[in-house]
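In what follows, a structure is listed as structure tokens, so that the remarks can point back to it.
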Amino acid sequence: MSLNCFIQSWRDVRIVERSVQIIAQAILDIAGHIIASKGWGTPSSYKEGILKLVQHEVIDKSLGFRLANLVGMRNILVHEYQVIDRKLVHAAIAQIIEDGPQFTRQVLNLIEES
């Protein structure tokens, strides 16, 4: 869907916002489970949880950086800190389509190594 069509469709924007929120929360939940099961301490924030996965080489740095940004967007969506830029939401879903499977593969590598 083109950016212009997306921006003008309240329905599509809401669907994508909710999808971003759900996917981000699933990634954060998985990160939390990994951190707890490995005994790596309690992160003080969701972003720190993602960075712990990078620190312990569960995920690579570039993916960790992008997921940390996703956490920021998730927080804005959930807590409505500010008005959401629909262009950023549009870009986020494209990035998640790439990063979600990459996160899954890297986590599966950890599981297979255990």
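Residue numbering restarts at 1 for every chain of the structure tokens, chains are lettered A, B, ... in their displayed order, and ligands are numbered from 1 as they appear.
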
Shell around Gly72 (chain A) at 12 Å using only C-alpha atoms, local window under 2 positions removed, as a PDB file with N, CA and C atoms, in the first residue's frame:
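Written output follows (selection_32.pdb):
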```pdb
ATOM      1  N   VAL A  20       1.873  -3.546  15.169  1.00  0.00           N
ATOM      2  CA  VAL A  20       3.207  -3.180  15.657  1.00  0.00           C
ATOM      3  C   VAL A  20       3.274  -3.392  17.162  1.00  0.00           C
ATOM      4  N   GLN A  21       2.246  -2.956  17.869  1.00  0.00           N
ATOM      5  CA  GLN A  21       2.205  -3.108  19.324  1.00  0.00           C
ATOM      6  C   GLN A  21       2.263  -4.578  19.733  1.00  0.00           C
ATOM      7  N   ALA A  24       5.749  -6.156  18.812  1.00  0.00           N
ATOM      8  CA  ALA A  24       6.778  -5.637  19.706  1.00  0.00           C
ATOM      9  C   ALA A  24       6.649  -6.270  21.088  1.00  0.00           C
ATOM     10  N   GLN A  25       5.424  -6.394  21.582  1.00  0.00           N
ATOM     11  CA  GLN A  25       5.231  -6.982  22.909  1.00  0.00           C
ATOM     12  C   GLN A  25       5.647  -8.456  22.926  1.00  0.00           C
ATOM     13  N   LEU A  28       9.361  -8.536  23.170  1.00  0.00           N
ATOM     14  CA  LEU A  28       9.776  -8.178  24.529  1.00  0.00           C
ATOM     15  C   LEU A  28       9.518  -9.308  25.516  1.00  0.00           C
ATOM     16  N   SER A  45      14.347  -1.623  31.960  1.00  0.00           N
ATOM     17  CA  SER A  45      13.424  -1.148  30.925  1.00  0.00           C
ATOM     18  C   SER A  45      13.345  -2.189  29.817  1.00  0.00           C
ATOM     19  N   TYR A  46      12.350  -2.035  28.976  1.00  0.00           N
ATOM     20  CA  TYR A  46      12.238  -2.935  27.826  1.00  0.00           C
ATOM     21  C   TYR A  46      13.463  -2.785  26.922  1.00  0.00           C
ATOM     22  N   LYS A  47      13.888  -1.555  26.708  1.00  0.00           N
ATOM     23  CA  LYS A  47      15.054  -1.323  25.853  1.00  0.00           C
ATOM     24  C   LYS A  47      16.286  -2.039  26.422  1.00  0.00           C
ATOM     25  N   GLU A  48      16.459  -1.965  27.737  1.00  0.00           N
ATOM     26  CA  GLU A  48      17.592  -2.648  28.351  1.00  0.00           C
ATOM     27  C   GLU A  48      17.504  -4.158  28.144  1.00  0.00           C
ATOM     28  N   ILE A  50      16.311  -5.690  25.503  1.00  0.00           N
ATOM     29  CA  ILE A  50      16.810  -5.942  24.146  1.00  0.00           C
ATOM     30  C   ILE A  50      18.337  -5.842  24.133  1.00  0.00           C
ATOM     31  N   PHE A  65      19.616  -2.783  17.706  1.00  0.00           N
ATOM     32  CA  PHE A  65      19.365  -1.344  17.558  1.00  0.00           C
ATOM     33  C   PHE A  65      17.975  -1.098  16.981  1.00  0.00           C
ATOM     34  N   ARG A  66      17.625  -1.855  15.942  1.00  0.00           N
ATOM     35  CA  ARG A  66      16.303  -1.670  15.326  1.00  0.00           C
ATOM     36  C   ARG A  66      15.183  -2.070  16.284  1.00  0.00           C
ATOM     37  N   LEU A  67      15.390  -3.156  17.035  1.00  0.00           N
ATOM     38  CA  LEU A  67      14.364  -3.587  17.997  1.00  0.00           C
ATOM     39  C   LEU A  67      14.239  -2.589  19.142  1.00  0.00           C
ATOM     40  N   ALA A  68      15.337  -1.971  19.544  1.00  0.00           N
ATOM     41  CA  ALA A  68      15.263  -0.935  20.577  1.00  0.00           C
ATOM     42  C   ALA A  68      14.406   0.238  20.083  1.00  0.00           C
ATOM     43  N   ASN A  69      14.537   0.578  18.810  1.00  0.00           N
ATOM     44  CA  ASN A  69      13.677   1.624  18.238  1.00  0.00           C
ATOM     45  C   ASN A  69      12.219   1.179  18.206  1.00  0.00           C
ATOM     46  N   LEU A  70      11.996  -0.085  17.910  1.00  0.00           N
ATOM     47  CA  LEU A  70      10.640  -0.628  17.911  1.00  0.00           C
ATOM     48  C   LEU A  70      10.025  -0.528  19.299  1.00  0.00           C
ATOM     49  N   ARG A  74       6.581   1.200  20.310  1.00  0.00           N
ATOM     50  CA  ARG A  74       5.573   0.467  21.079  1.00  0.00           C
ATOM     51  C   ARG A  74       5.138   1.281  22.291  1.00  0.00           C
ATOM     52  N   ASN A  75       6.100   1.877  22.985  1.00  0.00           N
ATOM     53  CA  ASN A  75       5.776   2.680  24.155  1.00  0.00           C
ATOM     54  C   ASN A  75       4.914   3.888  23.791  1.00  0.00           C
ATOM     55  N   ILE A  76       5.228   4.518  22.691  1.00  0.00           N
ATOM     56  CA  ILE A  76       4.428   5.659  22.235  1.00  0.00           C
ATOM     57  C   ILE A  76       3.014   5.202  21.896  1.00  0.00           C
ATOM     58  N   LEU A  77       2.890   4.080  21.208  1.00  0.00           N
ATOM     59  CA  LEU A  77       1.568   3.573  20.836  1.00  0.00           C
ATOM     60  C   LEU A  77       0.743   3.199  22.062  1.00  0.00           C
ATOM     61  N   VAL A  78       1.368   2.533  23.012  1.00  0.00           N
ATOM     62  CA  VAL A  78       0.652   2.053  24.193  1.00  0.00           C
ATOM     63  C   VAL A  78       0.282   3.199  25.126  1.00  0.00           C
ATOM     64  N   HIS A  79       1.233   4.089  25.355  1.00  0.00           N
ATOM     65  CA  HIS A  79       1.038   5.123  26.365  1.00  0.00           C
ATOM     66  C   HIS A  79       0.620   6.469  25.792  1.00  0.00           C
ATOM     67  N   GLU A  80       0.574   6.568  24.462  1.00  0.00           N
ATOM     68  CA  GLU A  80       0.144   7.786  23.770  1.00  0.00           C
ATOM     69  C   GLU A  80       0.903   9.015  24.275  1.00  0.00           C
ATOM     70  N   TYR A  81       2.229   8.894  24.341  1.00  0.00           N
ATOM     71  CA  TYR A  81       3.079  10.000  24.789  1.00  0.00           C
ATOM     72  C   TYR A  81       2.977  11.204  23.862  1.00  0.00           C
ATOM     73  N   GLN A  82       2.759  10.928  22.599  1.00  0.00           N
ATOM     74  CA  GLN A  82       2.728  11.993  21.606  1.00  0.00           C
ATOM     75  C   GLN A  82       1.904  11.537  20.410  1.00  0.00           C
ATOM     76  N   ILE A  84       1.305  10.229  16.877  1.00  0.00           N
ATOM     77  CA  ILE A  84       2.096   9.304  16.071  1.00  0.00           C
ATOM     78  C   ILE A  84       2.225   9.831  14.640  1.00  0.00           C
ATOM     79  N   LEU A  88       6.056   7.132  10.085  1.00  0.00           N
ATOM     80  CA  LEU A  88       6.885   6.226  10.876  1.00  0.00           C
ATOM     81  C   LEU A  88       6.198   4.888  11.087  1.00  0.00           C
ATOM     82  N   VAL A  89       4.891   4.924  11.283  1.00  0.00           N
ATOM     83  CA  VAL A  89       4.133   3.680  11.448  1.00  0.00           C
ATOM     84  C   VAL A  89       4.207   2.856  10.170  1.00  0.00           C
ATOM     85  N   ALA A  92       7.535   1.335   9.955  1.00  0.00           N
ATOM     86  CA  ALA A  92       7.747   0.329  11.002  1.00  0.00           C
ATOM     87  C   ALA A  92       7.248  -1.038  10.584  1.00  0.00           C
TER      88      ALA A  92
END
```

Excluding region 98-104 of chain A and its own-chain neighbours fewer than 5 positions away, which residues fall within 8 Å of it when counting only C-alpha atoms? Please give them as JSON, numbers by chain.
{"A": [23, 59, 63, 67]}

Atoms kept (C-alpha atoms) for selection, written as a PDB file, in the first residue's frame:
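So the final result, stored in selection.pdb, reads:
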```pdb
ATOM      1  CA  ILE A  23       4.571  -7.904  17.606  1.00  0.00           C
ATOM      2  CA  ILE A  59      20.878 -11.174  18.673  1.00  0.00           C
ATOM      3  CA  LEU A  63      18.971  -6.067  14.923  1.00  0.00           C
ATOM      4  CA  LEU A  67      14.364  -3.587  17.997  1.00  0.00           C
TER       5      LEU A  67
END
```

Pick out the residues sitting within 12 Å of Ser114 (chain A), and hand them over as a list in words; count only C-alpha atoms, and ignore anything fewer than 3 positions along from it in its own chain.
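Here the answer would be Ile34, Ser37, Lys38, Val58, Val107, Leu108, Asn109, Leu110 and Ile111 of chain A.
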
Practice item. Could you tell me which of A:Ile30, A:Ile22, A:Val71, A:Ala91 comes closest to Phe6 (chain A) if we count only C-alpha atoms? Key: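 Using only C-alpha atoms, the shortest distance to Phe6 (chain A) belongs to A:Ala91.
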
Do you have the CA of Arg18 (chain A)-CA of Gln55 (chain A) distance handy?
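Interatomic distance here is 29.2 Å.
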
Exercise. Using DSSP on the backbone coordinates, identify the residues of chain A assigned to helix (DSSP H, G or I); present them as JSON, numbers by chain.
Key: {"A": [3, 4, 5, 6, 7, 8, 10, 11, 12, 13, 14, 15, 16, 17, 18, 19, 20, 21, 22, 23, 24, 25, 26, 27, 28, 29, 30, 31, 32, 33, 34, 35, 36, 37, 38, 46, 47, 48, 49, 50, 51, 52, 53, 54, 55, 61, 62, 63, 64, 65, 66, 67, 68, 69, 70, 71, 72, 73, 74, 75, 76, 77, 78, 79, 86, 87, 88, 89, 90, 91, 92, 93, 94, 95, 96, 97, 98, 99, 100, 101, 102, 103, 104, 105, 106, 107, 108, 109, 110, 111, 112, 113]}
